[in-house]
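Each remark here refers to the structure printed beneath this line.
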Amino acid sequence: MMVIMTSSHTEEDMNAISSRLDELGLKGHRIVGVERTVIAVVGSIMPELSDELETMNGVETTVPISAPHKLASRQTHPAATVIRIGDVEIGSGKTVVIAGPCAVENEEQMMETAQGVKAAGAHFLRGGAFKPRTSPYSFRGLGEDGLKLLAEARDETGLAFATEVMSEREVEVVARYSDILQIGTRNAQNFILLEEVGRTGKPVLLKRGLASTIDDWLLAAEYILNMGNPNVMLCERGIRTFETATRNTMDINAIALVKQMSHLPLIADPSHGTGKWSLVTPVGLASIVAGADGMIVEVHPSPDHALSDGAQSLNFKRFRQLMEQTDQIGAAIGRPLWSFDKQPAPA
Ligand code: PEP
Ligand code: MN
């Protein structure tokens with residue numbers, strides 16, 4: 001339920017409502033908009049509550065929230081959420097790009113990649129230190145040593161980074177080093193992990209589950225939001241379908257639809273969405289046109305030698321082309337790159 005406050009409500013009125021909700025075991029999330037302030041009440045709400053709240057000072061009216069994902073919905077929060085990390089804004093209307101290797105492999109590879117993507121214009125770094133792999137015998141990442149290399153690369157380039165957290169056990173260490181906590185597709189409905197990253201208050205990049213419907217995905221976001229962490233970015237990374245010619249099926253429909261349904265920023269992952277480097281740029285561009293606020297892209301100095309996901313990784317030259325085209329196509333629809341140096345990067 002949404003409690004719509006009058007324009008003359010006071011802090012005292014808000015506090016009185018919060019105390020009453022506490023007594024009832026309900027949560028009230030304050031959403032302060034330009035035109036109105038609302039309290040989104042979530043929990044098991046009894047029907048008499050709206051009458052009671054409507055008699056309280058400062059309350060204009062109450063409105064039921066029909067969407068199952070209440071805090072993620074545009075119904076409760078019509079204005080787009082903007083997440084600021086350092087001096088970059090995500091969801092502001094400009095396009096942001098997160099780039100880096102699938103996995104942090106060693107110091108040289110991480111540093112070279114960080115410098116390469118920075119020179120090409122990336123706004124954030126990515127790199128996996130804790131890697132979910134289908135086979136237990138594949139390279140599973142460097143763990144905390146990988147986080148240290150990412151932090152070193154951030155010091156070197158000034159780019160904040162995203163990295164995956166795979167279990168509750170690792171939330172503390174990953175949160176200590178990183179700027180954005182990534183929840184991978186395989187953990188998209190690990191509800192305890194979602195609550196744990198919610199508690200950190202840090203920006204979260206929530207991948208869509210391999211077999212998650214849009215409702216499943218938004219309800220997963222709801223777990224994080226309901227812990228009082230508003231900094232959630234959704235990430236469309238392709239879903240499993242009957243098609244085997246590509247690794248996954250990038251759901252462009254979902255991008256356009258979710259941008260209508262939710263106020264949260266949405267990042268497209270055309271690397272995992274397609275599984276083929278030659279499809280990354282076209283599908284990434286299509287995602288931006290469909291409404292994505294940015295892209296996360298895998299880049300490796302030598303994709304043929306990557307320890308994971310080489311087939312979908314761009315080299316620096318191709319990544320630079322992706323950046324140029326994203327800026328051009330983005331500009332054509334009023335959403336150019338957040339910042340971009342149009343001069344060719346030095347070779
Ligand atoms: C990744 O970003 O490297 C990754 C493992 O992604 P996903 O969870 O989407 O497969
Ligand atoms: Mn990968």
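The way I read the labels, and the way they are meant: chains A, B, ... in the order of the structure tokens, residue 1 as the first residue of every chain, and ligand 1 as the first ligand shown, with later ones counted on from there.
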
*Check every protein, DNA and RNA residue against ligand 2, keep those with an atom at most 12 Å away (counting only C-alpha atoms and all ligand atoms), and present them as a PyMOL selection string.*
chain A and resi 99-104+126-134+139-141+163-164+182+184-185+237+247+269-277+296-300+303+306-314

*Residues within 7 Å of A:Leu205, only C-alpha atoms, excluding chain neighbours under 3 positions, as a ChimeraX atom specification*: /A:180-183,232-235

*Quick one: residues within 12 Å of A:Phe340, only C-alpha atoms counted, chain neighbours fewer than 5 positions away excluded, as a ChimeraX atom specification?*
/A:94-97,118-123,320,323-328,330-331,345

*Which residue gives the smallest distance to ligand 1 among A:Ile267, A:Ala40, A:Ile214, A:Ile192, with only C-alpha atoms and all ligand atoms counted?*
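Closest to ligand 1, using only C-alpha atoms and all ligand atoms: A:Ile267.
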
*Pick from A:Met250, A:Val3, A:Val197, A:Val32: nearest to ligand 1, with only C-alpha atoms and all ligand atoms counted?*
A:Met250

_Nearest candidate to A:Arg74 (options A:Thr55, A:Ala160, A:Leu24, A:Lys259; using only C-alpha atoms)_ =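 Checking each candidate against A:Arg74, we get A:Lys259 as the closest.
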
*Nearest-residue call for ligand 1, choices A:Ala211, A:Met111, A:Leu225, A:Ile333, using only C-alpha atoms and all ligand atoms*: A:Ala211

*asked:* Quick one: residues within 10 Å of stretch 165-179 of chain A, only C-alpha atoms, excluding same-chain residues fewer than 4 positions away - as a VMD selection string?
replied: chain A and resid 85 to 86 124 to 126 128 to 132 143 to 144 147 to 151 154 159 to 161 183 to 184 186 to 187 190 192 to 197 199 to 204

*Selected residue, from A:Thr61, A:Ser50, A:Ser18, A:Asn226, that lies nearest to A:Met5 when counting only C-alpha atoms*: A:Thr61

*Out of stretch 52-219 of chain A, which residues get strand (DSSP E or B) from DSSP, as an MDAnalysis selection string?*
chainID A and resid 59:63 73 83:85 88:90 95:100 103 124:126 128 161:164 180:183 204:207

How would the residues just picked look written out with N, CA, C and O atoms as a tab-separated table (two decimals), in the first residue's frame?
chain	number	residue	atom	x	y	z
A	59	VAL	N	-1.68	12.62	6.30
A	59	VAL	CA	-1.96	11.62	5.25
A	59	VAL	C	-3.06	12.15	4.32
A	59	VAL	O	-4.13	12.54	4.78
A	60	GLU	N	-2.77	12.15	3.03
A	60	GLU	CA	-3.80	12.58	2.07
A	60	GLU	C	-4.70	11.41	1.74
A	60	GLU	O	-5.91	11.49	1.85
A	61	THR	N	-4.07	10.32	1.34
A	61	THR	CA	-4.86	9.13	1.01
A	61	THR	C	-3.96	7.90	1.00
A	61	THR	O	-2.74	8.01	1.12
A	62	THR	N	-4.57	6.73	0.84
A	62	THR	CA	-3.79	5.51	0.66
A	62	THR	C	-4.25	4.85	-0.64
A	62	THR	O	-5.41	4.99	-1.04
A	63	VAL	N	-3.30	4.16	-1.28
A	63	VAL	CA	-3.60	3.52	-2.57
A	63	VAL	C	-2.98	2.12	-2.53
A	63	VAL	O	-1.81	1.99	-2.16
A	73	SER	N	8.57	-1.27	-8.47
A	73	SER	CA	7.59	-0.84	-9.47
A	73	SER	C	7.57	0.68	-9.69
A	73	SER	O	7.74	1.46	-8.76
A	83	ILE	N	21.75	5.99	-9.76
A	83	ILE	CA	22.75	5.52	-8.79
A	83	ILE	C	24.07	6.20	-9.13
A	83	ILE	O	24.55	6.10	-10.27
A	84	ARG	N	24.61	6.91	-8.14
A	84	ARG	CA	25.87	7.62	-8.37
A	84	ARG	C	27.01	6.84	-7.74
A	84	ARG	O	26.98	6.50	-6.57
A	85	ILE	N	28.03	6.55	-8.55
A	85	ILE	CA	29.22	5.87	-8.03
A	85	ILE	C	30.41	6.71	-8.46
A	85	ILE	O	30.65	6.87	-9.66
A	88	VAL	N	30.21	9.12	-11.63
A	88	VAL	CA	29.40	8.61	-12.75
A	88	VAL	C	27.99	8.28	-12.26
A	88	VAL	O	27.82	7.69	-11.19
A	89	GLU	N	26.99	8.68	-13.04
A	89	GLU	CA	25.61	8.37	-12.68
A	89	GLU	C	25.06	7.28	-13.60
A	89	GLU	O	25.21	7.37	-14.83
A	90	ILE	N	24.39	6.32	-12.99
A	90	ILE	CA	23.79	5.23	-13.76
A	90	ILE	C	22.28	5.41	-13.69
A	90	ILE	O	21.72	5.51	-12.59
A	95	THR	N	24.42	6.91	-21.21
A	95	THR	CA	24.77	5.48	-21.27
A	95	THR	C	26.11	5.22	-20.60
A	95	THR	O	27.08	5.93	-20.87
A	96	VAL	N	26.16	4.21	-19.77
A	96	VAL	CA	27.42	3.87	-19.09
A	96	VAL	C	27.90	2.49	-19.56
A	96	VAL	O	27.09	1.64	-19.93
A	97	VAL	N	29.21	2.30	-19.52
A	97	VAL	CA	29.77	1.01	-19.93
A	97	VAL	C	30.72	0.49	-18.85
A	97	VAL	O	31.61	1.21	-18.39
A	98	ILE	N	30.49	-0.76	-18.49
A	98	ILE	CA	31.32	-1.48	-17.52
A	98	ILE	C	32.09	-2.51	-18.35
A	98	ILE	O	31.47	-3.25	-19.13
A	99	ALA	N	33.40	-2.55	-18.23
A	99	ALA	CA	34.15	-3.48	-19.09
A	99	ALA	C	35.33	-4.08	-18.36
A	99	ALA	O	35.90	-3.47	-17.46
A	100	GLY	N	35.69	-5.29	-18.79
A	100	GLY	CA	36.84	-5.96	-18.20
A	100	GLY	C	36.76	-7.44	-18.49
A	100	GLY	O	35.84	-7.90	-19.17
A	103	ALA	N	37.20	-13.18	-16.01
A	103	ALA	CA	37.85	-13.51	-14.74
A	103	ALA	C	39.17	-12.76	-14.60
A	103	ALA	O	39.88	-12.54	-15.59
A	124	PHE	N	33.45	1.99	-15.92
A	124	PHE	CA	33.67	1.11	-14.78
A	124	PHE	C	34.42	-0.13	-15.26
A	124	PHE	O	34.35	-0.48	-16.44
A	125	LEU	N	35.05	-0.79	-14.29
A	125	LEU	CA	35.72	-2.06	-14.57
A	125	LEU	C	34.85	-3.22	-14.10
A	125	LEU	O	34.05	-3.06	-13.19
A	126	ARG	N	35.09	-4.38	-14.71
A	126	ARG	CA	34.51	-5.61	-14.19
A	126	ARG	C	35.61	-6.66	-14.12
A	126	ARG	O	36.67	-6.51	-14.77
A	128	GLY	N	35.86	-11.10	-12.60
A	128	GLY	CA	35.40	-12.09	-11.63
A	128	GLY	C	36.57	-12.61	-10.81
A	128	GLY	O	37.60	-13.00	-11.34
A	161	PHE	N	34.82	-0.68	-9.64
A	161	PHE	CA	34.59	-1.99	-10.27
A	161	PHE	C	33.44	-2.79	-9.70
A	161	PHE	O	33.04	-2.62	-8.54
A	162	ALA	N	32.93	-3.67	-10.58
A	162	ALA	CA	31.89	-4.64	-10.22
A	162	ALA	C	32.53	-6.02	-10.19
A	162	ALA	O	33.34	-6.35	-11.06
A	163	THR	N	32.13	-6.82	-9.22
A	163	THR	CA	32.62	-8.20	-9.18
A	163	THR	C	31.57	-9.08	-8.51
A	163	THR	O	30.80	-8.60	-7.67
A	164	GLU	N	31.56	-10.34	-8.89
A	164	GLU	CA	30.48	-11.22	-8.40
A	164	GLU	C	30.71	-11.69	-6.97
A	164	GLU	O	31.83	-11.98	-6.57
A	180	ILE	N	30.66	-2.35	-6.69
A	180	ILE	CA	29.36	-2.87	-7.12
A	180	ILE	C	29.38	-4.38	-6.89
A	180	ILE	O	30.30	-5.07	-7.35
A	181	LEU	N	28.38	-4.88	-6.18
A	181	LEU	CA	28.28	-6.32	-5.93
A	181	LEU	C	27.44	-6.94	-7.03
A	181	LEU	O	26.28	-6.56	-7.21
A	182	GLN	N	28.02	-7.88	-7.75
A	182	GLN	CA	27.28	-8.54	-8.83
A	182	GLN	C	26.68	-9.84	-8.32
A	182	GLN	O	27.38	-10.64	-7.70
A	183	ILE	N	25.39	-10.02	-8.58
A	183	ILE	CA	24.74	-11.31	-8.30
A	183	ILE	C	24.60	-12.01	-9.64
A	183	ILE	O	23.97	-11.48	-10.56
A	204	VAL	N	24.15	-2.88	-6.21
A	204	VAL	CA	24.08	-4.29	-6.60
A	204	VAL	C	23.69	-4.38	-8.07
A	204	VAL	O	22.78	-3.69	-8.51
A	205	LEU	N	24.42	-5.21	-8.81
A	205	LEU	CA	24.07	-5.50	-10.20
A	205	LEU	C	23.44	-6.88	-10.18
A	205	LEU	O	24.13	-7.88	-9.97
A	206	LEU	N	22.13	-6.92	-10.37
A	206	LEU	CA	21.39	-8.18	-10.24
A	206	LEU	C	21.12	-8.77	-11.61
A	206	LEU	O	20.27	-8.28	-12.36
A	207	LYS	N	21.84	-9.85	-11.93
A	207	LYS	CA	21.60	-10.51	-13.22
A	207	LYS	C	20.24	-11.22	-13.18
A	207	LYS	O	19.79	-11.69	-12.13

_Would you pick out the contacts of A:Ile17 at 9 Å or less, using only C-alpha atoms, so that residues sharing its chain but fewer than 3 positions from it are not included, and give the list as a PyMOL selection string?_
chain A and resi 12-14+20-22+28+39+53+56-57

Output all heavy atoms of each residue in that selection to a file, as a compact mmCIF listing (two decimals), in the first residue's frame.
# COMPACT_ATOMS: atom_id res chain seq x y z
N GLU A 12 7.18 14.82 12.08
CA GLU A 12 6.47 14.17 13.20
C GLU A 12 5.37 13.23 12.67
O GLU A 12 5.19 12.12 13.17
CB GLU A 12 5.81 15.26 14.03
CG GLU A 12 6.00 15.12 15.50
CD GLU A 12 5.34 16.29 16.24
OE1 GLU A 12 4.54 17.05 15.65
OE2 GLU A 12 5.65 16.43 17.42
N ASP A 13 4.63 13.71 11.64
CA ASP A 13 3.58 12.87 11.04
C ASP A 13 4.18 11.59 10.47
O ASP A 13 3.64 10.49 10.65
CB ASP A 13 2.88 13.62 9.88
CG ASP A 13 2.21 14.92 10.32
OD1 ASP A 13 1.88 15.02 11.52
OD2 ASP A 13 2.03 15.80 9.46
N MET A 14 5.32 11.76 9.79
CA MET A 14 5.99 10.59 9.18
C MET A 14 6.42 9.61 10.28
O MET A 14 6.24 8.40 10.15
CB MET A 14 7.25 11.02 8.40
CG MET A 14 7.01 11.96 7.24
SD MET A 14 6.35 11.13 5.79
CE MET A 14 7.83 10.44 5.09
N ARG A 20 3.65 3.32 14.06
CA ARG A 20 2.46 2.45 13.97
C ARG A 20 2.77 1.22 13.09
O ARG A 20 2.37 0.11 13.44
CB ARG A 20 1.28 3.26 13.40
CG ARG A 20 0.00 2.48 13.27
CD ARG A 20 -0.54 2.02 14.64
NE ARG A 20 -1.71 1.18 14.51
CZ ARG A 20 -1.91 0.03 15.15
NH1 ARG A 20 -1.00 -0.41 16.02
NH2 ARG A 20 -3.01 -0.68 14.98
N LEU A 21 3.49 1.45 12.01
CA LEU A 21 3.84 0.32 11.13
C LEU A 21 4.74 -0.66 11.87
O LEU A 21 4.58 -1.88 11.76
CB LEU A 21 4.51 0.82 9.84
CG LEU A 21 3.62 1.68 8.93
CD1 LEU A 21 4.42 2.19 7.73
CD2 LEU A 21 2.40 0.89 8.45
N ASP A 22 5.69 -0.13 12.64
CA ASP A 22 6.57 -1.00 13.45
C ASP A 22 5.75 -1.88 14.38
O ASP A 22 5.98 -3.08 14.47
CB ASP A 22 7.52 -0.15 14.32
CG ASP A 22 8.72 0.33 13.54
OD1 ASP A 22 8.90 -0.14 12.39
OD2 ASP A 22 9.47 1.18 14.07
N GLY A 28 7.85 0.34 6.33
CA GLY A 28 7.46 1.53 5.56
C GLY A 28 8.69 2.13 4.91
O GLY A 28 9.62 2.51 5.60
N ILE A 39 4.88 6.82 1.47
CA ILE A 39 5.47 5.72 2.24
C ILE A 39 4.92 4.45 1.61
O ILE A 39 3.69 4.27 1.52
CB ILE A 39 5.08 5.79 3.74
CG1 ILE A 39 5.52 7.14 4.33
CG2 ILE A 39 5.73 4.64 4.51
CD1 ILE A 39 5.12 7.34 5.79
N LEU A 53 -4.90 4.50 8.65
CA LEU A 53 -3.84 5.45 8.26
C LEU A 53 -4.43 6.74 7.71
O LEU A 53 -3.89 7.82 7.93
CB LEU A 53 -2.89 4.80 7.24
CG LEU A 53 -2.02 3.66 7.77
CD1 LEU A 53 -1.19 3.05 6.64
CD2 LEU A 53 -1.11 4.12 8.90
N MET A 56 -4.82 9.56 10.09
CA MET A 56 -3.62 10.12 10.75
C MET A 56 -3.21 11.45 10.13
O MET A 56 -3.46 11.71 8.94
CB MET A 56 -2.47 9.10 10.68
CG MET A 56 -2.77 7.87 11.54
SD MET A 56 -1.45 6.65 11.57
CE MET A 56 -0.25 7.43 12.66
N ASN A 57 -2.57 12.29 10.94
CA ASN A 57 -2.14 13.61 10.47
C ASN A 57 -1.15 13.50 9.32
O ASN A 57 -0.25 12.66 9.35
CB ASN A 57 -1.44 14.38 11.60
CG ASN A 57 -2.44 14.84 12.64
OD1 ASN A 57 -3.64 14.98 12.34
ND2 ASN A 57 -1.96 15.06 13.85

*Quick one: pick out all helix (DSSP H, G or I) residues within stretch 267-334 of chain A from a backbone DSSP run and write them as a VMD selection string.*
chain A and resid 270 to 274 277 to 290 303 to 305 310 to 312 316 to 332

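Among the candidates A:Val280, A:Leu322, A:Met227, A:Ala286, the one nearest to A:Asn253 when counting only C-alpha atoms is A:Ala286.
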
_Please compute the atom 6 (O, counted along the ligand's line) of ligand 1-atom CA of A:Pro68 distance, one decimal, in Å._
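Calculated distance between atom 6 (O, counted along the ligand's line) of ligand 1 and atom CA of A:Pro68 is 26.3 Å.
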